[in-house]
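Student: This is the structure I want to talk about, given as structure tokens.
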Amino acid sequence: MFSRINSFEEYQIEYKKSIETPEAFWAEKAEAFTWKKKWDKVLEWNFDEPNVKWFSGGKLNITENCLDRHLATRANQTAIIWEPNNPNEAVRKLTYKELHAEVCKFANVLKNNGATKGDRICIYMPMVPELAIAVLACARIGAIHSVVFGGFSFKSLSDRIHDADCNIVITADGGFRGAKDIQLKAVVDEALQTCPSVKKVVVLNRTNTNVQMINGRDVWWHEEMAKLSSDKAFCEAEEMDAEDMLFILYTSGSTGKPKGVVHTTAGYMVYVDYTFRNVFQYDSSPLGGEADVYWCTADVGWITGHSYLVYGPLLAGATTLMFEGIPTYPDAGRFWQVIDKHQVNIFYTAPTAIRSLEAAGLEFVAPYKLDSLKILGSVGEPINEEAWMWYHKNIGKEKCPIVDTWWQTETGGIMISPLAGITKTKPSYATLPLPGIQPVLLDENGKELLGNNVEGRLCMKFPWPSIIRTTYKNHDRCKEAYFSTFKGYYFTGDGCKRDEEGYYKITGRVDDVIKVSGHLLGTAEIENAINQHPDLVESAVVGFPHDIKGWGIYAYVICRHERKDTENFKKEIMATVTKFMGAIAKPDKIQIVSGLPKTRSGKIMRRILRKVAEGDLNNLGDTSTLLDPAVVEEIKKGALTDPIVA
Ligand code: PRX
């Protein structure tokens, strides 16, 4: 009934309808899209296998809904505004018509280079418009994109290419991020030494870096595009089944190996469009008026970039801003300068960015008006009350609602969040579930905690359209990670509190992954990278509270033989992690130990390591069951003197 919810009462009506008649509810939302053939059945599901299908039998292509559908009403509206890393470089703007043409053309480039429906294509690119074009071109021809964040190392990249058996990689010579040039092609070359499945590499010239082009394998983006005359540039959108895979996106888990989260076409489309328009109250004024300028600062390498920089905004006919750089370049006022420059109305960023800009000081905010802003958003980790208030007061000038949006790579779209200006906000609370979302809190034994003022593990008891379908080529892993801990529920891995008013506050992860600057990193994955250092026998990684990053990485390492040059040694360990995983996984503290606290069965007691990392040395609980209790005393002592902050 409501394309956009306009009041708290409407929210309540929509929510009730979505719970009582979910199929009718979502069918009505789906009607608004372009289908090549309508669906036969709205929903089939069970959480045991798990098996979830939305809009079965439906045929469509998501890019027709992102692009072609808008051409009649908004061909000349800006679809993408691109702000370069260097503020002196020219801004680029693409209208819907231009974006459509570029996507079609590049889709044909992919076809000319052997891509067909169902292929997996890895995208490893900087934040330039061609990244969005590459993503959409894959979807146009029915190839499954797997975007890998440009900050990951060759090893993380090759693992992901391998796992998805990609036959094409789309990359750039390099990228600009702050004062740094990143070498992307060189990393791809190293990764591909162990990836025989890759037959073609399409390389965008972004930095004019000298790169090695392998004959027969590597082609230049611009040369391939130039081969297509404009009359041959249109590309018919491939007909996709509602449940055909749209993309794979890797996320860290409790084991060392990242999981290839799979999202499919129709459900993802319906859900990200609905949540984008409602959470951000996006006004796309289709009748020639000015569309709101919306800016999500996330990299397309993460789910936030997929759902709320590319797909959600384009589905809604929005103007989406894409920024190549970082918040602190050339100085800590960059975000605020860009907001004024492009008259941004809706701004969506991460708590870690807010905290670091808060720490930089108000003198970086003062020169800017920020008066175009209407709505602010936060995503990726809990936002502490202090950062929330700072954002509210100094950026939103106490007049912009803040939507604290809780969701996950696996959920595809926002699940618990205020609707901007429509439902109440509460500092540090994600607040209420969106229509269609049925959260429950369970105790350790899987019992539902009813009523308010309760705290437990956050689960979902009913599917929503963009729920994870599987983990690529390993359905058991999907079942094991999300649907087995509590039978009949999707388990998020997060702890959560429901307060006396029924508002939700996420308290953090309850498993072996850490949120570092909003990036989910598996402790086992970091340990694997650390252990590549030849002088190390073993390591254990835990998180500890960090003022800016939310959580920092604390590594306990055991050496093969004593190294007297401790500082050098630690630097080498950092370099090893950067090489094998990426700079985002570098430990903040490293403590050299002679042993780790283990149970008699050999399991590391991470609880103890976490306490020590947090500085809580007097509350370690019972250590008598350990194999070697003396090791704890040594670790405690070392914690006071040894670790350095990186
Ligand atoms: O722990 C929660 C935290 O981020 C996790 C999901 O991480 P990822 O898959 O990388 O997706 C991040 C972007 C959606 C969650 O399990 N998280 C995300 N948003 C919030 C949050 N924690 C608290 N508040 C949030 N708004």
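Following the order of the structure tokens, chains are lettered A, B, ..., residues in each are numbered from 1, and ligands are numbered from 1.
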Please identify the residues whose atoms come within 8 Å of ligand 1, using only C-alpha atoms and all ligand atoms, and report them as a PyMOL selection string.
Tutor: chain A and resi 251+302-304+378-383+404-410+412-414+416-417+428-430+492-494+505-509+515+518-520
Student: With C-alpha atoms retained, export the selected residues as a PDB file, in the first residue's frame.
Tutor:
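Output below, filename result27.pdb:
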```
ATOM      1  CA  THR A 251      32.959 -12.750   4.566  1.00  0.00           C
ATOM      2  CA  TRP A 302      31.788  -4.772   1.156  1.00  0.00           C
ATOM      3  CA  ILE A 303      28.079  -5.573   1.299  1.00  0.00           C
ATOM      4  CA  THR A 304      27.185  -1.990   2.213  1.00  0.00           C
ATOM      5  CA  SER A 378      25.603   4.625  10.577  1.00  0.00           C
ATOM      6  CA  VAL A 379      26.526   1.046   9.746  1.00  0.00           C
ATOM      7  CA  GLY A 380      28.921  -1.780  10.395  1.00  0.00           C
ATOM      8  CA  GLU A 381      29.419  -1.871  14.144  1.00  0.00           C
ATOM      9  CA  PRO A 382      27.784  -0.567  17.278  1.00  0.00           C
ATOM     10  CA  ILE A 383      27.924   3.212  17.472  1.00  0.00           C
ATOM     11  CA  ASP A 404      21.713   3.285  13.024  1.00  0.00           C
ATOM     12  CA  THR A 405      21.264   0.390  10.615  1.00  0.00           C
ATOM     13  CA  TRP A 406      21.955  -3.130  11.817  1.00  0.00           C
ATOM     14  CA  TRP A 407      22.460  -5.833   9.216  1.00  0.00           C
ATOM     15  CA  GLN A 408      25.037  -8.268   7.789  1.00  0.00           C
ATOM     16  CA  THR A 409      26.619  -9.505   4.574  1.00  0.00           C
ATOM     17  CA  GLU A 410      24.351 -12.524   4.970  1.00  0.00           C
ATOM     18  CA  GLY A 412      21.752  -8.612   2.151  1.00  0.00           C
ATOM     19  CA  GLY A 413      19.879  -5.554   3.392  1.00  0.00           C
ATOM     20  CA  ILE A 414      19.115  -3.498   6.493  1.00  0.00           C
ATOM     21  CA  ILE A 416      16.835  -3.357  12.258  1.00  0.00           C
ATOM     22  CA  SER A 417      16.898   0.416  11.953  1.00  0.00           C
ATOM     23  CA  SER A 428      23.398   3.513  20.312  1.00  0.00           C
ATOM     24  CA  TYR A 429      20.215   1.594  19.450  1.00  0.00           C
ATOM     25  CA  ALA A 430      19.364   0.108  16.055  1.00  0.00           C
ATOM     26  CA  THR A 492      23.266 -13.852  13.438  1.00  0.00           C
ATOM     27  CA  GLY A 493      26.288 -14.387  15.699  1.00  0.00           C
ATOM     28  CA  ASP A 494      25.448 -11.146  17.524  1.00  0.00           C
ATOM     29  CA  LYS A 505      20.577  -2.602  20.891  1.00  0.00           C
ATOM     30  CA  ILE A 506      23.309  -4.773  19.381  1.00  0.00           C
ATOM     31  CA  THR A 507      25.963  -5.598  21.960  1.00  0.00           C
ATOM     32  CA  GLY A 508      28.548  -7.200  19.626  1.00  0.00           C
ATOM     33  CA  ARG A 509      29.749 -10.525  18.303  1.00  0.00           C
ATOM     34  CA  LYS A 515      34.891  -6.098  14.012  1.00  0.00           C
ATOM     35  CA  GLY A 518      33.822  -2.041  10.875  1.00  0.00           C
ATOM     36  CA  HIS A 519      35.556  -4.857   8.980  1.00  0.00           C
ATOM     37  CA  LEU A 520      34.697  -8.367  10.000  1.00  0.00           C
TER      38      LEU A 520
END
```
Student: Leaving out region 268-275 of chain A and any residue of its chain fewer than 5 positions from it, which residues lie within 9 Å of it when counting only C-alpha atoms, given as an MDAnalysis selection string?
Tutor: chainID A and resid 3:4 26 29:30 33 62 65 246 263 280 307:308 311:316 412:415 434 464:467
Student: Keeping N, CA, C and O atoms, export the residues of the selection given above as a short mmCIF file (atom, residue, chain, number, x, y, z; two decimals), in the first residue's frame.
Tutor:
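This went into again28.cif:
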```
data_model
loop_
_atom_site.label_atom_id
_atom_site.label_comp_id
_atom_site.auth_asym_id
_atom_site.auth_seq_id
_atom_site.Cartn_x
_atom_site.Cartn_y
_atom_site.Cartn_z
N SER A 3 4.27 3.08 -0.77
CA SER A 3 5.56 2.87 -1.41
C SER A 3 6.65 3.36 -0.46
O SER A 3 7.76 2.87 -0.44
N ARG A 4 6.28 4.37 0.32
CA ARG A 4 7.22 4.85 1.32
C ARG A 4 6.40 5.11 2.59
O ARG A 4 5.35 5.75 2.53
N TRP A 26 5.01 -9.02 0.37
CA TRP A 26 6.17 -8.88 -0.52
C TRP A 26 5.77 -8.95 -2.00
O TRP A 26 6.42 -8.35 -2.85
N LYS A 29 5.06 -5.50 -3.05
CA LYS A 29 6.28 -4.71 -3.29
C LYS A 29 6.90 -5.10 -4.64
O LYS A 29 7.42 -4.26 -5.37
N ALA A 30 6.86 -6.40 -4.94
CA ALA A 30 7.52 -6.90 -6.15
C ALA A 30 6.82 -6.44 -7.42
O ALA A 30 7.44 -6.35 -8.49
N PHE A 33 8.24 -3.75 -10.00
CA PHE A 33 9.44 -3.93 -10.85
C PHE A 33 9.10 -4.41 -12.26
O PHE A 33 7.99 -4.84 -12.53
N ILE A 62 18.11 -7.75 -13.10
CA ILE A 62 18.15 -6.66 -12.12
C ILE A 62 18.60 -5.34 -12.77
O ILE A 62 18.16 -4.26 -12.37
N ASN A 65 15.98 -3.18 -14.08
CA ASN A 65 15.30 -2.47 -13.01
C ASN A 65 16.13 -1.32 -12.45
O ASN A 65 15.59 -0.35 -11.94
N LEU A 246 23.08 -13.87 -8.08
CA LEU A 246 23.45 -12.53 -8.55
C LEU A 246 24.91 -12.27 -8.22
O LEU A 246 25.68 -11.82 -9.03
N HIS A 263 23.97 -14.42 -2.80
CA HIS A 263 22.68 -13.75 -2.92
C HIS A 263 22.11 -13.98 -4.31
O HIS A 263 22.86 -14.05 -5.29
N PHE A 280 16.09 5.45 4.39
CA PHE A 280 16.65 6.77 4.12
C PHE A 280 15.58 7.76 3.64
O PHE A 280 15.90 8.89 3.30
N SER A 307 24.83 -3.09 -1.64
CA SER A 307 23.38 -2.88 -1.45
C SER A 307 22.99 -1.42 -1.40
O SER A 307 21.91 -1.06 -1.85
N TYR A 308 23.85 -0.56 -0.82
CA TYR A 308 23.42 0.82 -0.61
C TYR A 308 24.32 1.86 -1.25
O TYR A 308 24.23 3.04 -0.93
N TYR A 311 23.28 -1.08 -5.88
CA TYR A 311 21.96 -1.60 -6.25
C TYR A 311 20.77 -0.83 -5.67
O TYR A 311 19.86 -0.45 -6.42
N GLY A 312 20.75 -0.61 -4.35
CA GLY A 312 19.58 0.04 -3.73
C GLY A 312 19.30 1.40 -4.35
O GLY A 312 18.19 1.66 -4.85
N PRO A 313 20.29 2.30 -4.35
CA PRO A 313 20.04 3.63 -4.91
C PRO A 313 19.64 3.59 -6.39
O PRO A 313 18.74 4.31 -6.81
N LEU A 314 20.29 2.76 -7.19
CA LEU A 314 19.95 2.74 -8.62
C LEU A 314 18.56 2.16 -8.84
O LEU A 314 17.81 2.62 -9.70
N LEU A 315 18.20 1.16 -8.06
CA LEU A 315 16.84 0.61 -8.18
C LEU A 315 15.82 1.69 -7.89
O LEU A 315 14.77 1.77 -8.52
N ALA A 316 16.14 2.54 -6.91
CA ALA A 316 15.20 3.58 -6.50
C ALA A 316 15.29 4.83 -7.39
O ALA A 316 14.60 5.81 -7.14
N GLY A 412 21.92 -9.31 3.43
CA GLY A 412 21.75 -8.61 2.15
C GLY A 412 21.29 -7.17 2.28
O GLY A 412 21.70 -6.32 1.51
N GLY A 413 20.41 -6.91 3.22
CA GLY A 413 19.88 -5.55 3.39
C GLY A 413 19.67 -5.25 4.87
O GLY A 413 19.80 -6.13 5.73
N ILE A 414 19.31 -4.00 5.12
CA ILE A 414 19.11 -3.50 6.49
C ILE A 414 17.94 -4.23 7.16
O ILE A 414 16.89 -4.39 6.55
N MET A 415 18.14 -4.64 8.40
CA MET A 415 17.15 -5.45 9.12
C MET A 415 16.50 -4.71 10.28
O MET A 415 15.30 -4.79 10.51
N LEU A 434 12.58 -3.75 10.67
CA LEU A 434 11.85 -3.26 9.51
C LEU A 434 10.70 -4.21 9.20
O LEU A 434 10.71 -5.36 9.62
N TRP A 464 13.33 -13.38 5.05
CA TRP A 464 13.06 -12.12 4.35
C TRP A 464 13.66 -12.28 2.95
O TRP A 464 14.47 -13.18 2.73
N PRO A 465 13.29 -11.43 2.00
CA PRO A 465 13.66 -11.73 0.61
C PRO A 465 15.15 -11.79 0.30
O PRO A 465 15.56 -12.51 -0.60
N SER A 466 15.99 -11.05 1.05
CA SER A 466 17.42 -11.05 0.70
C SER A 466 18.26 -11.88 1.66
O SER A 466 19.45 -11.62 1.82
N ILE A 467 17.67 -12.88 2.27
CA ILE A 467 18.44 -13.75 3.17
C ILE A 467 19.48 -14.54 2.37
O ILE A 467 19.26 -14.87 1.20
#
```
Student: Can you build me a table of region 292-337 of chain A residues sitting at most 6 Å from region 345-357 of chain A, with the closest atom pair per residue and its distance in Å to one decimal, using only C-alpha atoms, sorted by chain and residue number, as CSV?
Tutor:
```
residue,atom,partner,partner_atom,distance
A:Asp292,CA,A:Asn345,CA,5.9
A:Val293,CA,A:Asn345,CA,5.3
A:Tyr294,CA,A:Ile346,CA,4.7
A:Trp295,CA,A:Phe347,CA,5.0
A:Cys296,CA,A:Tyr348,CA,4.6
A:Thr297,CA,A:Thr349,CA,5.4
```
Student: What's the separation between CA of Val91 (chain A) and CA of Val128 (chain A), in Å to one decimal place?
Tutor: 10.8 Å
Student: What's the 8 Å shell around Lys97 (chain A), counting only C-alpha atoms, without same-chain residues fewer than 5 positions away, as a ChimeraX atom specification?
Tutor: /A:67,71,75-76
Student: Can you write just those residues out, C-alpha atoms, as a tab-separated table (two decimals), in the first residue's frame?
Tutor:
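What follows is the written file part18.tsv:
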```
chain	number	residue	atom	x	y	z
A	67	LEU	CA	18.69	1.30	-15.50
A	71	LEU	CA	15.07	5.86	-18.85
A	75	ALA	CA	17.37	9.57	-18.50
A	76	ASN	CA	19.13	12.87	-17.88
```
Student: Kindly indicate which residue among A:Asn167, A:Thr264, A:Ser146, A:Ser156 lies nearest to Ser252 (chain A), using only C-alpha atoms for the distances.
Tutor: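 Closest to Ser252 (chain A) of all the choices is A:Ser156.
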Student: May I have the residues within 8 Å of Val440 (chain A) as a PyMOL selection string, using only C-alpha atoms and disregarding those fewer than 5 positions away in the same chain?
Tutor: chain A and resi 448-449+458-461
Student: Based on the selection just made, write N, CA, C and O atoms of those residues as a short mmCIF file (atom, residue, chain, number, x, y, z; two decimals), in the first residue's frame.
Tutor:
```
data_model
loop_
_atom_site.label_atom_id
_atom_site.label_comp_id
_atom_site.auth_asym_id
_atom_site.auth_seq_id
_atom_site.Cartn_x
_atom_site.Cartn_y
_atom_site.Cartn_z
N GLU A 448 13.38 -19.05 23.57
CA GLU A 448 13.05 -17.66 23.21
C GLU A 448 12.80 -16.84 24.46
O GLU A 448 12.06 -17.24 25.35
N LEU A 449 13.44 -15.68 24.51
CA LEU A 449 13.23 -14.78 25.63
C LEU A 449 12.10 -13.84 25.24
O LEU A 449 12.25 -13.03 24.31
N LEU A 458 20.87 -12.89 19.08
CA LEU A 458 19.91 -12.39 18.09
C LEU A 458 19.73 -13.40 16.96
O LEU A 458 20.70 -13.81 16.31
N CYS A 459 18.47 -13.81 16.76
CA CYS A 459 18.13 -14.76 15.69
C CYS A 459 16.92 -14.24 14.92
O CYS A 459 16.25 -13.31 15.37
N MET A 460 16.66 -14.85 13.78
CA MET A 460 15.48 -14.51 12.98
C MET A 460 14.64 -15.77 12.84
O MET A 460 15.18 -16.84 12.58
N LYS A 461 13.33 -15.60 12.96
CA LYS A 461 12.53 -16.82 12.88
C LYS A 461 11.74 -16.95 11.59
O LYS A 461 10.99 -17.91 11.43
#
```
